[in-house]
Structures are given as structure tokens and as C-alpha cells.
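Peer 1: What follows is the file work-v3.txt, containing compact mmCIF, C-alpha atoms:
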```txt
# COMPACT_ATOMS: atom_id res chain seq x y z
CA MET A 1 0.00 0.00 0.00
CA ARG A 2 1.25 3.48 -0.85
CA LYS A 3 2.47 5.24 2.29
CA SER A 4 0.72 8.41 3.33
CA ARG A 5 2.82 11.51 2.73
CA VAL A 6 0.66 13.45 5.19
CA LEU A 7 1.15 10.99 8.03
CA GLU A 8 4.87 10.72 7.37
CA LEU A 9 5.26 14.50 7.59
CA LEU A 10 3.04 14.84 10.65
CA LYS A 11 4.85 12.09 12.53
CA SER A 12 8.17 13.79 11.82
CA GLY A 13 6.91 17.04 13.32
CA LYS A 14 6.49 18.94 10.06
CA THR A 15 3.63 21.13 8.89
CA VAL A 16 1.48 19.80 6.03
CA SER A 17 0.32 22.06 3.21
CA CYS A 18 -3.09 21.39 1.67
CA PHE A 19 -4.97 22.87 -1.29
CA LYS A 20 -8.72 22.55 -1.91
CA ILE A 21 -10.06 21.58 -5.32
CA ASN A 22 -13.63 22.47 -6.30
CA LEU A 23 -13.40 21.88 -10.05
CA ALA A 24 -13.93 18.33 -11.27
CA ASP A 25 -11.21 18.12 -13.94
CA ALA A 26 -8.29 16.01 -12.75
CA ARG A 27 -5.88 18.32 -14.57
CA VAL A 28 -6.54 20.93 -11.88
CA THR A 29 -5.43 18.44 -9.23
CA GLU A 30 -2.40 17.55 -11.36
CA ILE A 31 -1.34 21.21 -11.55
CA ALA A 32 -1.69 21.69 -7.79
CA ALA A 33 0.16 18.45 -7.10
CA MET A 34 3.07 19.29 -9.41
CA LYS A 35 3.48 22.65 -7.65
CA GLY A 36 4.43 21.00 -4.38
CA PHE A 37 1.44 20.77 -2.06
CA ASP A 38 1.52 17.80 0.30
CA CYS A 39 -2.20 17.11 0.17
CA ILE A 40 -5.13 17.82 -2.14
CA TRP A 41 -8.55 18.27 -0.56
CA LEU A 42 -11.42 16.95 -2.70
CA ASP A 43 -14.97 17.53 -1.59
CA GLN A 44 -17.99 15.23 -1.59
CA GLU A 45 -20.01 17.21 0.95
CA HIS A 46 -20.79 20.29 -1.15
CA ILE A 47 -19.66 19.43 -4.66
CA GLY A 48 -20.49 15.77 -5.09
CA LEU A 49 -17.85 14.65 -7.60
CA ASP A 50 -18.98 11.50 -9.34
CA TRP A 51 -16.93 8.44 -8.50
CA SER A 52 -15.10 8.38 -11.85
CA SER A 53 -14.02 12.00 -11.42
CA LEU A 54 -12.92 11.28 -7.88
CA ALA A 55 -10.84 8.31 -9.01
CA SER A 56 -9.19 10.38 -11.76
CA ASN A 57 -8.26 13.12 -9.31
CA ILE A 58 -6.74 10.59 -6.91
CA TRP A 59 -4.65 9.10 -9.74
CA ALA A 60 -3.46 12.58 -10.75
CA ALA A 61 -2.30 13.36 -7.21
CA LYS A 62 -0.67 9.98 -6.70
CA SER A 63 1.41 10.45 -9.84
CA TYR A 64 3.28 13.18 -7.92
CA ASP A 65 3.29 11.27 -4.61
CA VAL A 66 0.75 13.70 -3.18
CA ASP A 67 -1.98 12.59 -0.79
CA VAL A 68 -5.68 13.14 -1.35
CA MET A 69 -8.05 13.87 1.51
CA VAL A 70 -11.73 13.53 0.62
CA ARG A 71 -14.30 15.32 2.71
CA VAL A 72 -17.10 12.79 2.52
CA SER A 73 -20.81 13.23 2.72
CA LYS A 74 -22.02 12.67 6.25
CA GLY A 75 -23.97 9.53 5.56
CA SER A 76 -23.62 5.78 5.39
CA TYR A 77 -20.45 3.74 5.78
CA SER A 78 -20.22 3.29 1.99
CA GLU A 79 -19.82 7.05 1.55
CA PHE A 80 -16.87 6.89 3.94
CA ILE A 81 -14.97 3.90 2.62
CA LYS A 82 -15.31 4.28 -1.17
CA PRO A 83 -12.71 7.08 -1.35
CA LEU A 84 -10.34 5.00 0.78
CA GLU A 85 -10.74 2.01 -1.54
CA MET A 86 -9.99 4.32 -4.49
CA ASP A 87 -6.71 4.94 -2.61
CA ALA A 88 -7.37 8.35 -1.13
CA ALA A 89 -4.93 8.71 1.74
CA GLY A 90 -7.53 10.09 4.11
CA ILE A 91 -11.09 11.18 4.65
CA MET A 92 -12.62 14.04 6.62
CA VAL A 93 -16.09 13.63 8.11
CA PRO A 94 -17.94 16.94 8.51
CA HIS A 95 -20.10 18.20 11.36
CA ILE A 96 -19.15 15.78 14.12
CA MET A 97 -21.63 16.71 16.83
CA ASN A 98 -20.87 14.39 19.77
CA LEU A 99 -18.85 11.44 21.04
CA GLU A 100 -21.25 8.83 19.70
CA GLU A 101 -20.89 10.14 16.15
CA ALA A 102 -17.12 10.11 16.51
CA LYS A 103 -17.20 6.50 17.73
CA SER A 104 -19.40 5.55 14.78
CA VAL A 105 -16.91 7.04 12.31
CA VAL A 106 -14.04 5.06 13.83
CA LYS A 107 -16.08 1.86 13.74
CA MET A 108 -16.95 2.34 10.06
CA THR A 109 -13.51 3.41 8.82
CA ARG A 110 -11.02 1.25 10.75
CA PHE A 111 -10.44 -2.47 10.40
CA HIS A 112 -10.12 -5.01 13.23
CA PRO A 113 -9.11 -4.69 16.01
CA ILE A 114 -10.01 -0.97 16.06
CA GLY A 115 -13.27 -1.03 14.15
CA ARG A 116 -15.49 -2.97 11.79
CA ARG A 117 -14.84 -1.38 8.42
CA PRO A 118 -16.30 -3.61 5.68
CA LEU A 119 -13.53 -5.72 4.21
CA ASP A 120 -12.86 -6.15 0.50
CA GLY A 121 -9.26 -5.69 -0.64
CA GLY A 122 -10.12 -5.91 -4.33
CA ASN A 123 -9.68 -2.23 -5.11
CA ALA A 124 -6.80 0.22 -5.52
CA ASP A 125 -5.88 0.46 -1.85
CA GLY A 126 -5.55 -3.32 -1.62
CA ASP A 127 -3.60 -3.60 -4.88
CA TYR A 128 -6.63 -5.30 -6.44
CA THR A 129 -6.31 -8.43 -4.21
CA ASN A 130 -2.53 -8.55 -4.64
CA LEU A 131 -1.96 -7.48 -1.04
CA GLU A 132 -2.33 -10.24 1.53
CA ILE A 133 -5.41 -9.66 3.65
CA ASP A 134 -3.55 -9.41 6.96
CA ASP A 135 -1.11 -6.90 5.48
CA TYR A 136 -3.97 -4.98 3.91
CA ILE A 137 -5.73 -4.59 7.25
CA LYS A 138 -2.60 -3.56 9.12
CA GLN A 139 -1.40 -1.13 6.46
CA ALA A 140 -4.82 0.46 5.99
CA ASN A 141 -5.09 1.11 9.73
CA ARG A 142 -1.57 2.53 9.77
CA GLU A 143 -1.27 4.42 6.47
CA ARG A 144 -4.72 5.96 6.04
CA PHE A 145 -5.83 8.93 8.11
CA VAL A 146 -9.26 9.86 9.44
CA VAL A 147 -10.17 13.45 10.24
CA LEU A 148 -13.10 14.61 12.36
CA GLN A 149 -14.30 18.10 11.50
CA ILE A 150 -15.47 20.29 14.36
CA GLU A 151 -17.49 23.12 12.85
CA ASP A 152 -20.42 23.62 15.19
CA PRO A 153 -20.73 24.92 18.76
CA GLU A 154 -22.60 21.82 19.97
CA PRO A 155 -19.65 19.38 20.10
CA LEU A 156 -17.52 21.73 22.21
CA GLU A 157 -19.02 20.36 25.42
CA HIS A 158 -17.88 16.89 24.28
CA LEU A 159 -14.54 18.02 22.87
CA GLU A 160 -12.30 16.42 25.51
CA ALA A 161 -14.06 13.06 25.17
CA ILE A 162 -13.93 13.21 21.38
CA ALA A 163 -10.23 14.10 21.42
CA GLU A 164 -9.47 11.24 23.81
CA LEU A 165 -11.15 8.66 21.55
CA GLU A 166 -8.71 6.27 19.87
CA GLY A 167 -8.85 5.33 16.22
CA TYR A 168 -8.68 8.60 14.31
CA ASP A 169 -5.88 11.06 13.61
CA MET A 170 -6.95 14.68 13.43
CA LEU A 171 -9.40 17.29 14.65
CA PHE A 172 -10.10 19.90 11.97
CA PHE A 173 -11.61 23.26 12.87
CA GLY A 174 -14.06 24.61 10.28
CA SER A 175 -14.52 28.28 11.05
CA GLY A 176 -17.06 28.94 8.26
CA ASP A 177 -19.96 26.86 9.54
CA PHE A 178 -18.88 27.54 13.10
CA SER A 179 -19.35 31.28 12.53
CA GLN A 180 -22.86 30.56 11.27
CA GLY A 181 -23.54 28.25 14.20
CA ILE A 182 -22.82 30.98 16.71
CA GLY A 183 -24.81 33.57 14.76
CA VAL A 184 -21.98 35.63 13.26
CA PRO A 185 -21.55 34.37 9.68
CA GLY A 186 -18.21 35.39 8.19
CA GLN A 187 -16.98 37.39 11.17
CA TRP A 188 -13.59 35.68 11.27
CA ASP A 189 -12.20 37.92 14.01
CA HIS A 190 -15.08 37.23 16.40
CA PRO A 191 -13.73 36.41 19.90
CA LYS A 192 -15.59 33.07 20.03
CA ILE A 193 -14.00 31.91 16.77
CA ILE A 194 -10.53 32.92 17.95
CA GLU A 195 -11.13 31.22 21.29
CA THR A 196 -12.40 28.00 19.68
CA ARG A 197 -9.52 27.89 17.20
CA LYS A 198 -7.11 27.96 20.13
CA LEU A 199 -9.14 25.42 22.11
CA ILE A 200 -9.28 22.79 19.36
CA ALA A 201 -5.52 22.91 18.78
CA LYS A 202 -4.87 22.69 22.52
CA VAL A 203 -7.21 19.77 23.17
CA ALA A 204 -6.05 17.87 20.07
CA GLY A 205 -2.43 18.10 21.23
CA LYS A 206 -3.34 17.10 24.76
CA TYR A 207 -4.68 13.75 23.55
CA GLY A 208 -2.10 13.04 20.86
CA LYS A 209 -4.19 14.10 17.87
CA TYR A 210 -3.11 16.44 15.08
CA ALA A 211 -4.89 19.75 14.58
CA GLY A 212 -5.97 20.99 11.16
CA THR A 213 -7.75 24.06 9.82
CA THR A 214 -7.93 26.53 6.96
CA GLY A 215 -6.01 29.78 6.82
CA SER A 216 -4.32 32.33 4.60
CA ILE A 217 -0.58 32.46 4.03
CA GLY A 218 -0.51 35.48 6.31
CA MET A 219 -1.93 33.37 9.16
CA LEU A 220 0.53 30.48 8.85
CA ASN A 221 2.91 31.45 11.66
CA GLU A 222 0.02 32.21 13.99
CA LEU A 223 -1.66 28.86 13.29
CA ILE A 224 1.58 26.92 13.66
CA ASP A 225 2.27 28.66 16.96
CA LEU A 226 -1.19 27.61 18.16
CA GLY A 227 -0.36 23.98 17.37
CA TYR A 228 -1.88 23.46 13.92
CA SER A 229 0.19 21.13 11.74
CA PHE A 230 -2.22 20.61 8.81
CA ILE A 231 -3.24 23.84 7.08
CA SER A 232 -5.32 24.24 3.93
CA THR A 233 -4.24 27.52 2.39
CA GLY A 234 -6.36 28.10 -0.70
CA ALA A 235 -8.63 26.77 -3.43
CA ASP A 236 -8.63 26.50 -7.21
CA VAL A 237 -11.75 28.62 -7.66
CA VAL A 238 -10.29 31.42 -5.55
CA GLY A 239 -7.12 31.56 -7.62
CA LEU A 240 -8.90 31.29 -10.96
CA SER A 241 -11.41 33.98 -10.00
CA ALA A 242 -8.65 36.36 -8.90
CA TYR A 243 -6.65 35.73 -12.10
CA CYS A 244 -9.66 36.31 -14.35
CA GLN A 245 -10.55 39.47 -12.44
CA GLU A 246 -7.01 40.78 -12.80
CA LEU A 247 -7.02 40.22 -16.56
CA ALA A 248 -10.52 41.67 -17.05
CA ASP A 249 -9.61 44.75 -15.01
CA GLY A 250 -6.44 45.16 -17.08
CA PHE A 251 -8.35 45.10 -20.34
CA ASN A 252 -10.97 47.52 -19.05
CA GLU A 253 -8.35 49.93 -17.72
CA LEU A 254 -6.50 49.81 -21.06
CA GLY A 255 -9.76 50.65 -22.84
CA LYS A 256 -10.34 53.66 -20.65
CA GLN A 257 -6.83 54.96 -21.36
CA SER A 258 -7.29 54.57 -25.12
CA GLY A 259 -10.76 56.09 -25.15
CA THR A 260 -12.67 52.93 -26.09
CA GLY A 261 -15.06 52.75 -23.18
CA ASP A 262 -14.84 49.60 -21.10
CA GLY A 263 -11.83 48.23 -22.95
CA ARG A 264 -13.57 45.53 -24.92
CA ALA A 265 -13.01 47.33 -28.22
CA ALA A 266 -9.47 48.48 -27.45
CA LYS A 267 -7.11 48.18 -30.42
CA LYS A 268 -4.01 47.86 -28.29
CA ARG A 269 -3.75 44.45 -26.67
CA PRO A 270 -1.52 43.25 -23.82
CA TYR A 271 -1.11 39.87 -25.60
CA LYS A 272 -0.44 39.13 -29.24
```
Could you take the file, read its structure, and then write that structure out as C-alpha cells?

Peer 2:
Amino acid sequence: MRKSRVLELLKSGKTVSCFKINLADARVTEIAAMKGFDCIWLDQEHIGLDWSSLASNIWAAKSYDVDVMVRVSKGSYSEFIKPLEMDAAGIMVPHIMNLEEAKSVVKMTRFHPIGRRPLDGGNADGDYTNLEIDDYIKQANRERFVVLQIEDPEPLEHLEAIAELEGYDMLFFGSGDFSQGIGVPGQWDHPKIIETRKLIAKVAGKYGKYAGTTGSIGMLNELIDLGYSFISTGADVVGLSAYCQELADGFNELGKQSGTGDGRAAKKRPYK
């Protein structure tokens, strides 16, 4: 089984870089992977990539020895394990609300003796039955990571118990839905968000779990100092939108300077 780059870096005390992909085309993942990110975040909660697209994106990342983390739909066990059998290195389960939900995730995603994940071995992660079953079970438990996303105020009263639970690897703070949950959508500097960001990193470290979250490049040092070692720093749609806006603004400004209105009819072009 392919070793997890994310787990190898985390266990050696290094900080993992992650990039979120919203677009379905695997070439976007390939570009991000070739640029040096450690992990690509694909999303099944909001976007719902079909399984063929998901498989293609995983192959694209693996070709550069880059891990894929799939945020799964919060549903049945089959939604959780399909990305793992496609050889995603990890999954993230959104909106964990209490200890019982956390226990259920571990049971569904870990093999014996930790959990009761349904056993196949005939797919990519098991080398299509070419990996002995005992080795498959041991390596899957060791080389695949499970992330629990804390993005609501409700689980905070259970946070210590959730963090203490064995069988998963990371607590991931989602500030977006958390801001909505406390009634301040998008107010990233709200004291409760800052307080919770600190709390999750502290409690994760206390119980031997890694802490993950999202953040800008400008926040990296702050997040690392708080104890975060897995940081998702951007998304394809953000970069593409900014690039298109920059080019469109450039054309429009050129048009104004040459007296052609909004720039669409400008004779002078920045590109030949």
C-alpha cells in the first residue's frame, strides 16, 4: 500500500500544506500536485464529484506522490470507505456533533481490532487483491488517516471526550460553519471563533491528535504557533477567480486609457 505523505510529515513534526479543489477536472489536481502541495482536498459534501471524477483526481495526485483527503458526505459507511478504496490517503467527516458520532466514524472506517470497516481488498488500496489480507488490514489502519471536523458549537461540550477517543488522527476546525452556528456568519475575528480555534488545537495536542484548519498564508505562523500542523491555504476557484478578475480589469483599464469605453473594443492588446 502506498504510504501516506501526510502521516509521514506529521509524525516527523512537520507542517502539512493542503490545497482545496472544487473543479472536477483532474488536470486541476495535477497542476496543484506538481506545484508542491503535500495534500489535495477533494470535496464530496458540497460538490459531489462522481466516482469516476474522484478516481481520476486521486490518480493525478498519486502520480506526484501527493496525498488526497476527501471530505465525505455525512452519511452511510459506503460514503466513507469508497474514497479509501480508491486509494485516497484520508477522509474528513464533517459536522461531528458528539462522542457517539465520533465513535461511529471510527467503527466504520477502521479495520479489526479498532473497528469494523467492511472488508474487501479488491480495489486500488488493496492492490486489487494482490496485497495479503492481513497486510492490507494492518497497512490500511496505519497508512490511512481519518479526520473529524469540528465546525459547530454543539460538540464543544464533548470536545475532551472526542479528542481522547482512539482510532482517528486529526481534529479539523471549520470556522465557516462555526461562525454561522454561533450567529456571526463570516466574522472571522469574532472572539468566540478565535477562542475556539485555540481550544481545538490545545485539546487535540493534549490527547495526541493532530490539529488541522484553513487559513491564509498570512496566518501560517500564527496557526503553527497555536499547534496546527495541517493547514489548507487556498482553493482552485479562488485563484482562478482572482486571475480572471485581474485580466478583465487590465483590459478595461486599457480601454479607458485609449478612449474605447470599457476596454472591450481596445485596439491595443496586452497579448499578441

Peer 1: Can you tell me which residues surround Ser104 (chain A) at a distance of at most 12 Å, considering only C-alpha atoms, apart from same-chain residues fewer than 2 positions away, and format the answer as a PyMOL selection string?

Peer 2: chain A and resi 74-77+80+93+96-102+106-110+114-117+148+162+165-168

Peer 1: Hey, can you check how far CA of Asp127 (chain A) sits from CA of Ile47 (chain A)?

Peer 2: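 Taking CA of Asp127 (chain A) as the start and CA of Ile47 (chain A) as the end point, the length is 28.1 Å.
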
Peer 1: Restricting the calculation to only C-alpha atoms: of A:Ala140, A:Ile40, A:Val28, A:Leu119, which residue gets closest to Asp87 (chain A)?

Peer 2: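 For Asp87 (chain A), the nearest of the candidates is A:Ala140.
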
Peer 1: Can you tell me, as JSON, numbers by chain, what residues are no more than 10 Å from Met69 (chain A) when counting only C-alpha atoms, ignoring any on the same chain fewer than 4 positions away?

Peer 2: {"A": [6, 18, 19, 20, 39, 40, 41, 42, 43, 58, 83, 84, 87, 88, 89, 90, 91, 92, 144, 145, 146, 147]}

Peer 1: One decimal, Å: what's the distance from CA of Asp236 (chain A) over to CA of Phe37 (chain A), could you say?

Peer 2: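 Here the two named atoms are 12.7 Å from each other.
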
Peer 1: A:Asp169, A:Glu246, A:Glu160, A:Asp67: which is nearest Lys206 (chain A), counting all atoms listed in the file?

Peer 2: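 That would be A:Glu160, the residue with the smallest distance to Lys206 (chain A).
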
Peer 1: Using only C-alpha atoms, which residues of region 170-271 of chain A come within 9 Å of region 150-153 of chain A, and what is the closest atom pair for each, with the distance in Å to one decimal? Give it as a Markdown table, sorted by chain and residue number.

Peer 2:
```
| residue | atom | partner | partner_atom | distance |
| --- | --- | --- | --- | --- |
| A:Leu171 | CA | A:Ile150 | CA | 6.8 |
| A:Phe172 | CA | A:Ile150 | CA | 5.9 |
| A:Phe173 | CA | A:Ile150 | CA | 5.1 |
| A:Gly174 | CA | A:Glu151 | CA | 4.5 |
| A:Ser175 | CA | A:Glu151 | CA | 6.2 |
| A:Gly176 | CA | A:Glu151 | CA | 7.4 |
| A:Asp177 | CA | A:Glu151 | CA | 5.6 |
| A:Phe178 | CA | A:Glu151 | CA | 4.6 |
| A:Ser179 | CA | A:Asp152 | CA | 8.2 |
| A:Gln180 | CA | A:Asp152 | CA | 8.3 |
| A:Gly181 | CA | A:Asp152 | CA | 5.7 |
| A:Ile182 | CA | A:Pro153 | CA | 6.7 |
| A:Thr196 | CA | A:Pro153 | CA | 8.9 |
| A:Ile200 | CA | A:Ile150 | CA | 8.3 |
```

Peer 1: So, counting all atoms listed in the file, which residue among A:Gly186, A:Gln149, A:Ser216, A:Arg71 is closest to Ala204 (chain A)?

Peer 2: A:Gln149

Peer 1: In Å, how far is it from CA of Tyr128 (chain A) to CA of Leu9 (chain A)?

Peer 2: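 Between these atoms lies a distance of 27.0 Å.
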
Peer 1: Using only C-alpha atoms, which of the listed residues (A:Arg5, A:Glu45, A:Ser17, A:Ile193) sits closest to Thr233 (chain A)?

Peer 2: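 With only C-alpha atoms as the atom set, the closest residue is A:Ser17.
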
Peer 1: Region 59-61 of chain A: which residues within 10 Å, counting all atoms listed in the file, same-chain residues fewer than 3 positions away excluded, as a ChimeraX atom specification?

Peer 2: /A:26-34,37-40,53-56,64-68,86-88
